[in-house]
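Have a look at upload-v2.txt; it's compact mmCIF, C-alpha atoms:
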# COMPACT_ATOMS: atom_id res chain seq x y z
CA SER A 1 15.53 -29.38 27.16
CA CYS A 2 17.99 -28.70 24.34
CA CYS A 3 15.55 -30.34 21.93
CA THR A 4 12.40 -28.86 23.46
CA MET A 5 12.84 -25.25 22.38
CA PRO A 6 13.56 -25.99 18.71
CA THR A 7 10.60 -28.38 18.68
CA LEU A 8 8.26 -25.77 20.15
CA ARG A 9 9.52 -23.22 17.68
CA ALA A 10 8.86 -25.63 14.80
CA VAL A 11 5.35 -26.37 16.06
CA GLY A 12 4.70 -22.64 16.42
CA ALA A 13 5.93 -22.01 12.90
CA VAL A 14 3.67 -24.74 11.50
CA ALA A 15 0.70 -23.41 13.46
CA ALA A 16 1.38 -19.88 12.23
CA ALA A 17 1.63 -21.12 8.63
CA LEU A 18 -1.65 -23.01 8.97
CA ALA A 19 -3.36 -19.98 10.49
CA ALA A 20 -2.06 -17.78 7.66
CA ALA A 21 -3.26 -20.26 5.05
CA LEU A 22 -6.70 -20.43 6.68
CA ALA A 23 -6.92 -16.64 6.83
CA ALA A 24 -6.03 -16.45 3.14
CA LEU A 25 -8.72 -19.00 2.31
CA LEU A 26 -11.40 -17.44 4.52
CA PRO A 27 -12.66 -14.88 1.98
CA THR A 28 -12.96 -17.61 -0.66
CA LEU A 29 -14.80 -19.92 1.74
CA LEU A 30 -17.18 -17.18 2.88
CA THR A 31 -17.84 -16.15 -0.72
CA ALA A 32 -18.76 -19.73 -1.67
CA MET A 33 -20.97 -20.09 1.42
CA LEU A 34 -22.87 -16.83 0.80
CA LYS A 35 -23.28 -17.62 -2.87
CA HIS A 36 -24.84 -20.97 -1.93
CA MET A 37 -27.01 -19.55 0.87
CA PHE A 38 -28.57 -16.83 -1.25
CA THR A 39 -29.25 -18.67 -4.51
CA ALA A 40 -32.66 -20.24 -5.07
CA PRO A 41 -32.20 -23.79 -6.43
CA HIS A 42 -33.80 -25.23 -9.57
CA SER A 43 -34.06 -21.86 -11.27
CA GLU A 44 -33.42 -20.88 -14.87
CA PRO A 45 -30.61 -18.36 -15.42
CA TRP A 46 -31.27 -15.11 -17.27
CA GLN A 47 -29.53 -15.65 -20.58
CA ALA A 48 -29.38 -12.07 -21.81
CA GLY A 49 -26.76 -9.70 -20.50
CA LEU A 50 -23.69 -10.17 -18.34
CA LEU A 51 -24.95 -10.27 -14.74
CA ARG A 52 -25.70 -13.37 -12.68
CA LEU A 53 -29.51 -13.33 -12.57
CA HIS A 54 -32.50 -15.68 -12.67
CA ASN A 55 -35.27 -15.77 -15.26
CA VAL A 56 -38.55 -15.61 -13.32
CA THR A 57 -41.71 -15.31 -15.43
CA ASN A 58 -39.56 -13.85 -18.22
CA LEU A 59 -38.20 -11.17 -15.91
CA PRO A 60 -34.56 -10.85 -14.81
CA THR A 61 -34.34 -11.13 -11.02
CA GLN A 62 -31.83 -11.56 -8.24
CA VAL A 63 -30.77 -15.17 -7.80
CA LEU A 64 -32.69 -15.15 -4.50
CA ASN A 65 -35.89 -15.32 -6.57
CA ALA A 66 -37.59 -18.46 -7.85
CA GLU A 67 -40.42 -18.86 -10.36
CA GLU A 68 -42.31 -21.33 -8.18
CA ARG A 69 -42.81 -18.62 -5.52
CA ILE A 70 -44.26 -16.12 -8.00
CA VAL A 71 -46.59 -18.79 -9.38
CA ALA A 72 -47.62 -19.74 -5.85
CA LEU A 73 -48.34 -16.12 -4.91
CA SER A 74 -50.65 -15.86 -7.89
CA SER A 75 -52.50 -19.12 -7.26
CA ASP A 76 -52.28 -20.09 -3.55
CA SER A 77 -54.41 -17.30 -2.15
CA HIS A 78 -55.54 -19.58 0.68
CA ARG A 79 -51.95 -19.74 1.95
CA PHE A 80 -51.22 -16.03 1.68
CA LYS A 81 -54.24 -13.77 1.43
CA ALA A 82 -53.84 -10.01 1.25
CA ARG A 83 -55.75 -7.94 3.80
CA ASP A 84 -57.32 -4.51 3.66
CA ASP A 85 -54.84 -3.26 6.27
CA ASP A 86 -51.78 -4.36 4.29
CA VAL A 87 -49.34 -1.65 3.29
CA TRP A 88 -47.04 -2.52 0.39
CA VAL A 89 -43.81 -0.55 -0.02
CA THR A 90 -43.05 -1.08 -3.68
CA SER A 91 -40.24 0.31 -5.80
CA TYR A 92 -37.57 -0.30 -8.36
CA VAL A 93 -34.39 -1.33 -6.52
CA LYS A 94 -32.23 1.41 -4.92
CA SER A 95 -35.03 3.97 -4.90
CA GLY A 96 -35.39 4.58 -1.16
CA THR A 97 -37.29 1.44 -0.14
CA THR A 98 -35.43 0.84 3.12
CA TRP A 99 -35.83 4.48 4.13
CA THR A 100 -39.58 4.38 3.47
CA ILE A 101 -39.94 1.17 5.49
CA ALA A 102 -38.05 2.84 8.34
CA ILE A 103 -40.52 5.73 8.16
CA LEU A 104 -43.42 3.28 8.50
CA ALA A 105 -41.77 1.54 11.46
CA ALA A 106 -41.29 4.87 13.24
CA LEU A 107 -44.75 6.15 12.28
CA TRP A 108 -46.29 3.00 13.78
CA ASP A 109 -43.83 3.12 16.72
CA HIS A 110 -42.79 -0.46 15.99
CA PRO A 111 -39.58 -1.89 17.57
CA ALA A 112 -38.08 -2.20 14.06
CA GLN A 113 -37.54 1.57 14.08
CA GLU A 114 -34.46 0.88 16.24
CA TYR A 115 -32.78 -1.30 13.59
CA ALA A 116 -34.50 -0.36 10.32
CA GLY A 117 -31.12 0.30 8.70
CA HIS A 118 -30.36 -3.43 8.97
CA LEU A 119 -32.01 -4.76 5.82
CA GLN A 120 -31.98 -8.46 6.67
CA ARG A 121 -33.35 -8.11 10.19
CA THR A 122 -36.05 -5.66 9.11
CA THR A 123 -37.12 -7.98 6.27
CA ARG A 124 -37.35 -10.92 8.64
CA THR A 125 -39.19 -9.21 11.51
CA PHE A 126 -41.16 -6.25 10.18
CA CYS A 127 -41.62 -5.95 6.42
CA PRO A 128 -41.23 -9.26 4.53
CA GLN A 129 -40.68 -9.47 0.79
CA PRO A 130 -43.18 -12.14 -0.34
CA GLU A 131 -41.54 -12.82 -3.71
CA LEU A 132 -38.44 -14.16 -1.89
CA PRO A 133 -38.83 -17.88 -1.08
CA ASP A 134 -37.72 -19.46 2.17
CA LEU A 135 -34.33 -21.00 1.39
CA GLY A 136 -34.11 -22.69 4.79
CA TRP A 137 -31.85 -20.27 6.67
CA GLY A 138 -34.40 -18.78 9.06
CA ASP A 139 -33.35 -15.40 10.45
CA ASP A 140 -29.99 -15.75 8.68
CA GLY A 141 -31.86 -15.51 5.38
CA PHE A 142 -34.33 -13.12 3.79
CA GLY A 143 -37.32 -15.14 2.63
CA HIS A 144 -40.38 -16.54 4.38
CA SER A 145 -42.58 -19.55 3.72
CA LEU A 146 -46.09 -18.90 2.44
CA GLU A 147 -47.38 -20.24 5.74
CA GLU A 148 -45.34 -17.63 7.64
CA LEU A 149 -46.61 -14.89 5.38
CA GLY A 150 -50.20 -16.09 5.68
CA GLY A 151 -50.05 -15.74 9.45
CA TRP A 152 -47.98 -12.54 9.46
CA THR A 153 -49.10 -9.98 12.01
CA LEU A 154 -47.71 -6.90 13.71
CA GLU A 155 -50.71 -6.33 15.95
CA SER A 156 -49.07 -7.03 19.31
CA GLU A 157 -46.11 -4.77 18.48
CA LEU A 158 -48.00 -1.70 17.28
CA ARG A 159 -49.30 1.16 19.40
CA HIS A 160 -52.77 0.32 20.66
CA GLU A 161 -54.43 3.09 18.64
CA ILE A 162 -52.87 1.90 15.36
CA ARG A 163 -54.95 -0.29 13.04
CA ASN A 164 -53.83 -3.87 12.44
CA TYR A 165 -51.45 -2.91 9.69
CA ARG A 166 -49.02 -5.31 8.06
CA CYS A 167 -46.01 -4.14 6.03
CA PHE A 168 -44.84 -5.93 2.89
CA LYS A 169 -42.06 -4.98 0.52
CA SER A 170 -41.82 -5.65 -3.20
CA HIS A 171 -39.63 -4.74 -6.16
CA TRP A 172 -41.95 -6.48 -8.61
CA PRO A 173 -43.23 -4.62 -11.68
CA TYR A 174 -46.95 -4.05 -11.88
CA ARG A 175 -47.47 -6.16 -15.00
CA ASN A 176 -47.31 -9.42 -13.03
CA PHE A 177 -47.46 -8.22 -9.46
CA ARG A 178 -49.53 -10.66 -7.39
CA LYS A 179 -51.65 -7.91 -5.87
CA ALA A 180 -52.72 -6.80 -9.33
CA LYS A 181 -54.55 -10.12 -9.63
CA ASP A 182 -56.17 -9.89 -6.19
CA SER A 183 -59.33 -7.93 -6.87
CA GLN A 184 -60.54 -8.48 -3.31
CA SER A 185 -57.63 -6.61 -1.75
CA LYS A 186 -58.02 -2.97 -0.81
CA GLY A 187 -54.59 -2.69 0.75
CA LYS A 188 -52.50 0.43 0.23
CA THR A 189 -49.37 0.70 -1.90
CA LEU A 190 -46.59 3.25 -1.44
CA TYR A 191 -44.64 3.38 -4.68
CA VAL A 192 -41.21 4.95 -4.13
CA MET A 193 -39.53 6.63 -7.10
CA ARG A 194 -36.07 8.09 -7.50
CA ASN A 195 -34.23 9.92 -10.26
CA PRO A 196 -32.94 7.26 -12.69
CA HIS A 197 -29.38 8.63 -12.75
CA ASP A 198 -29.06 8.21 -8.99
CA VAL A 199 -30.82 4.83 -9.09
CA MET A 200 -28.40 3.51 -11.70
CA ILE A 201 -25.27 4.56 -9.83
CA SER A 202 -26.57 3.37 -6.45
CA HIS A 203 -27.46 0.07 -8.13
CA TRP A 204 -23.95 -0.22 -9.55
CA ASN A 205 -22.55 0.32 -6.06
CA GLN A 206 -24.54 -2.72 -4.90
CA VAL A 207 -23.81 -4.89 -7.93
CA TRP A 208 -20.06 -4.19 -7.75
CA GLY A 209 -19.93 -4.40 -3.96
CA MET A 210 -21.64 -7.81 -3.92
CA GLY A 211 -19.63 -9.17 -6.82
CA TYR A 212 -20.01 -12.80 -5.68
CA HIS A 213 -23.81 -12.42 -5.89
CA TYR A 214 -24.00 -10.71 -9.29
CA GLY A 215 -21.01 -12.25 -11.02
CA THR A 216 -18.99 -9.02 -11.12
CA THR A 217 -16.08 -10.04 -8.90
CA ASP A 218 -13.58 -9.45 -11.72
CA TRP A 219 -15.09 -6.17 -12.88
CA PRO A 220 -13.24 -2.95 -12.02
CA PHE A 221 -15.31 -0.25 -10.36
CA GLU A 222 -14.60 2.47 -12.92
CA GLY A 223 -14.03 2.67 -16.64
CA PRO A 224 -15.64 0.97 -19.65
CA GLU A 225 -15.11 -2.54 -18.24
CA GLY A 226 -16.85 -1.67 -14.95
CA TRP A 227 -19.29 1.19 -14.67
CA GLY A 228 -19.54 1.41 -18.47
CA ARG A 229 -20.57 -2.23 -18.86
CA PHE A 230 -23.12 -1.98 -16.08
CA ALA A 231 -24.62 1.22 -17.51
CA ASP A 232 -25.21 -0.59 -20.80
CA GLU A 233 -26.85 -3.51 -18.99
CA TRP A 234 -29.01 -1.17 -16.90
CA LEU A 235 -30.25 0.78 -19.90
CA ALA A 236 -31.04 -2.47 -21.72
CA GLY A 237 -33.05 -3.76 -18.74
CA ASN A 238 -30.70 -6.69 -18.12
CA VAL A 239 -30.67 -6.05 -14.36
CA GLU A 240 -32.86 -7.29 -11.54
CA ASN A 241 -36.54 -6.50 -12.12
CA GLY A 242 -35.92 -5.33 -15.68
CA SER A 243 -36.29 -1.87 -17.15
CA TRP A 244 -36.59 1.10 -14.77
CA PHE A 245 -38.66 2.90 -17.40
CA GLU A 246 -41.21 0.09 -17.71
CA HIS A 247 -41.31 -0.41 -13.93
CA VAL A 248 -42.05 3.24 -13.18
CA ALA A 249 -44.47 3.59 -16.09
CA GLY A 250 -46.47 0.54 -15.00
CA TRP A 251 -46.87 1.65 -11.41
CA TYR A 252 -47.59 5.23 -12.45
CA GLN A 253 -50.41 3.96 -14.65
CA ARG A 254 -51.78 1.91 -11.79
CA SER A 255 -51.72 4.95 -9.50
CA LYS A 256 -54.04 6.68 -11.97
CA GLU A 257 -56.33 3.66 -12.29
CA GLU A 258 -56.57 3.07 -8.55
CA ASP A 259 -56.65 6.60 -7.21
CA GLY A 260 -56.67 6.39 -3.42
CA ASN A 261 -54.95 2.99 -3.20
CA VAL A 262 -51.52 3.90 -4.63
CA LEU A 263 -49.43 6.83 -3.43
CA LEU A 264 -46.36 7.91 -5.39
CA ILE A 265 -43.52 8.98 -3.09
CA ARG A 266 -40.42 10.57 -4.58
CA TYR A 267 -37.07 10.05 -2.89
CA GLU A 268 -36.17 13.63 -3.67
CA GLU A 269 -39.31 14.83 -1.86
CA LEU A 270 -38.34 12.83 1.21
CA ARG A 271 -34.95 14.54 1.18
CA ALA A 272 -36.38 18.01 0.63
CA ASP A 273 -39.34 17.86 3.01
CA LEU A 274 -39.40 14.82 5.26
CA ASP A 275 -42.11 16.16 7.59
CA GLY A 276 -44.40 17.04 4.71
CA SER A 277 -43.84 13.66 3.06
CA VAL A 278 -44.54 11.81 6.33
CA LYS A 279 -47.80 13.73 6.75
CA ARG A 280 -48.81 12.69 3.21
CA ILE A 281 -48.04 9.05 3.99
CA ALA A 282 -49.92 9.20 7.29
CA ALA A 283 -52.98 10.80 5.68
CA PHE A 284 -52.90 8.18 2.92
CA LEU A 285 -53.07 5.49 5.62
CA GLY A 286 -55.84 7.26 7.52
CA MET A 287 -53.55 8.44 10.31
CA GLU A 288 -52.21 11.67 11.71
CA ALA A 289 -48.56 12.46 12.34
CA GLY A 290 -48.28 14.81 15.32
CA VAL A 291 -45.31 16.82 16.52
CA LYS A 292 -43.97 13.98 18.70
CA ASP A 293 -44.41 11.50 15.85
CA LEU A 294 -42.44 13.72 13.48
CA GLU A 295 -39.66 14.20 16.04
CA ARG A 296 -39.38 10.44 16.53
CA ILE A 297 -39.44 9.74 12.79
CA ARG A 298 -36.72 12.31 12.08
CA ALA A 299 -34.51 10.74 14.74
CA LYS A 300 -35.10 7.09 13.82
CA THR A 301 -34.78 7.58 10.06
CA ASP A 302 -31.70 9.79 10.16
CA PHE A 303 -29.14 8.19 7.84
CA SER A 304 -26.43 8.10 10.50
CA PHE A 305 -28.80 6.32 12.91
CA MET A 306 -29.81 3.78 10.27
CA LYS A 307 -26.20 3.24 9.19
CA ALA A 308 -25.21 2.48 12.79
CA ALA A 309 -27.72 -0.39 12.91
CA ASP A 310 -26.20 -1.87 9.77
CA GLU A 311 -22.62 -1.47 10.97
CA ALA A 312 -23.38 -3.01 14.38
CA ASP A 313 -23.80 -6.45 12.79
CA PRO A 314 -20.55 -8.36 13.49
CA ALA A 315 -21.10 -10.79 10.60
CA LEU A 316 -21.48 -7.96 8.10
CA ALA A 317 -18.46 -6.22 9.61
CA LEU A 318 -16.41 -9.39 9.08
CA VAL A 319 -17.32 -9.93 5.43
CA ARG A 320 -16.66 -6.26 4.71
CA TRP A 321 -13.33 -6.36 6.50
CA LEU A 322 -12.34 -9.44 4.49
CA GLY A 323 -13.38 -7.73 1.26
CA VAL A 324 -16.14 -10.25 0.46
CA ILE A 325 -18.48 -7.26 0.28
CA ARG A 326 -16.54 -4.42 -1.32
CA LYS A 327 -16.80 -0.70 -0.81
CA SER A 328 -16.54 1.59 -3.81
CA SER A 329 -13.57 3.88 -4.27
CA GLU A 330 -13.81 7.60 -3.54
CA SER A 331 -11.86 8.70 -6.56
CA GLU A 332 -12.29 12.09 -8.19
CA MET A 333 -13.74 10.37 -11.25
CA TYR A 334 -16.46 8.69 -9.21
CA SER A 335 -17.20 11.84 -7.22
CA ALA A 336 -17.59 13.78 -10.43
CA MET A 337 -19.81 11.11 -11.95
CA TYR A 338 -22.04 10.72 -8.91
CA ARG A 339 -23.80 13.86 -7.77
CA PRO A 340 -26.98 12.51 -6.17
CA GLY A 341 -29.95 14.82 -6.14
CA THR A 342 -28.53 17.27 -8.68
CA TYR A 343 -30.66 16.02 -11.57
CA PRO A 344 -34.27 17.15 -12.16
CA VAL A 345 -37.12 15.07 -10.78
CA LEU A 346 -39.37 13.52 -13.40
CA THR A 347 -42.72 15.28 -13.65
CA ASP A 348 -46.05 13.47 -13.89
CA GLU A 349 -46.22 14.48 -17.56
CA GLU A 350 -42.81 12.92 -18.27
CA ILE A 351 -43.85 9.72 -16.49
CA ALA A 352 -47.10 9.60 -18.46
CA GLN A 353 -45.08 9.96 -21.66
CA ALA A 354 -42.79 7.11 -20.54
CA ALA A 355 -45.90 4.99 -19.82
CA ALA A 356 -47.24 5.61 -23.33
CA THR A 357 -43.85 4.80 -24.85
CA SER A 358 -43.60 1.62 -22.75
CA GLU A 359 -47.01 0.44 -23.99
CA ASP A 360 -45.90 1.00 -27.59
Represent the structure from my file as structure tokens, please.
Amino acid sequence: SCCTMPTLRAVGAVAAALAAALAALLPTLLTAMLKHMFTAPHSEPWQAGLLRLHNVTNLPTQVLNAEERIVALSSDSHRFKARDDDVWVTSYVKSGTTWTIAILAALWDHPAQEYAGHLQRTTRTFCPQPELPDLGWGDDGFGHSLEELGGWTLESELRHEIRNYRCFKSHWPYRNFRKAKDSQSKGKTLYVMRNPHDVMISHWNQVWGMGYHYGTTDWPFEGPEGWGRFADEWLAGNVENGSWFEHVAGWYQRSKEEDGNVLLIRYEELRADLDGSVKRIAAFLGMEAGVKDLERIRAKTDFSFMKAADEADPALALVRWLGVIRKSSESEMYSAMYRPGTYPVLTDEEIAQAAATSED
């Protein structure tokens, strides 16, 4: 027994050292795994700028995107055919897309209203993003096969008096959006806009927070080497889905060409008058939003309710706890820089001017 205790202590010490080493390696291992899971293979990198992006039809995109999917969406209409009851929630990134999708889920009384703040689950079960290919991870991923999309239906999960709507999400610019080439489709498009200052800073939050995904792991959050570098890239259009100005101008122009099929929704309007905005969306879709509908929508799309759905995911909680997904600082500098909603909303005239400038 005189030798047993020292031996056990030595084994315990070795086990503790191994556990500590594994814990230290875990963030690195998870980072490598996520980077592999969410990168489309056989894709050309975007050569301009500093972020980790793909070149898809001469457009900078997230590395989730692949050119073969965009080509397929434009040519394989027999595999994925748009329907008259399709509703596309389209926007430049970080403009209020998830919130608008949550509004649709609650308006249609779909089960996704309970978890609409969980981006991945909502994308997989309620509102797919067709430009994202299936990378083979099923519900642990984001994309769908064209066969899945072709057979997509929400009919059994909608209230019986609701039409056979389908929800699709897109961040694609109008200039090569697949639906622009589908003259047979009469589906509706909700284009969500947000003040560019707030879009840019919210986008930086994402790009810095998911450093492994965008290649910004070594960038500081603040200062010229962090926020300053990203601001330059954003203004130059070297971010996912290119220039905000061209994106908004293109969709604004389409809204004028296809009056009745495209509704512009401003994030700031949703914040200022949610009930009024919901009624506009419902009328656009040929529906009515009654008192009970509005009460349900307010409850299910409240930011705290949506945030709870996101934070309830144990896998997300783990990667955030390990620092694989980072949270921005709350410094006085950042607070002073970021005052969401305090900048004027672009008027239709200003957007029209941007559209004319973009065409030049």
> For Thr216 of chain A, which residue among A:Ile325, A:Phe245, A:Trp99, A:Ala283 is the nearest when counting all atoms listed in the file?
Replying inline: A:Ile325
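Checking A:Glu155, A:Glu233, A:Asp275, A:Asp134 one by one against His203 of chain A, counting all atoms listed in the file, you find the shortest gap at A:Glu233.
Nearest to Arg194 of chain A of all the residues A:His171, A:Arg298, A:Arg266, A:Arg79 is A:Arg266, counting only C-alpha atoms.
Atom CA of Lys188 of chain A to atom CA of Ala82 of chain A spans 10.6 Å [interatomic distance, one decimal].
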Proximity of segment 237-348 of chain A to segment 160-166 of chain A: per-residue shortest pair, 12 Å limit, all atoms listed in the file, as CSV:
residue,atom,partner,partner_atom,distance
A:Ala282,CA,A:Ile162,CA,11.3
A:Leu285,CA,A:Tyr165,CA,9.5
A:Gly286,CA,A:Arg163,CA,9.4
A:Met287,CA,A:Ile162,CA,8.3
A:Glu288,CA,A:Ile162,CA,10.5
A:Ala289,CA,A:Ile162,CA,11.8
> In terms of the shortest atom-to-atom distance over only C-alpha atoms, which of A:Trp227, A:Trp208, A:Trp152, A:Trp137 is closest to Leu34 of chain A?
Replying inline: A:Trp137
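Ranking A:Pro45, A:Ser170, A:Leu190, A:Asp259 by their shortest atom-to-atom distance to Arg280 of chain A, with all atoms listed in the file included, puts A:Leu190 first.
Nearest to Leu104 of chain A of all the residues A:Phe168, A:Trp219, A:Phe80, A:Tyr92 is A:Phe168, counting all atoms listed in the file.
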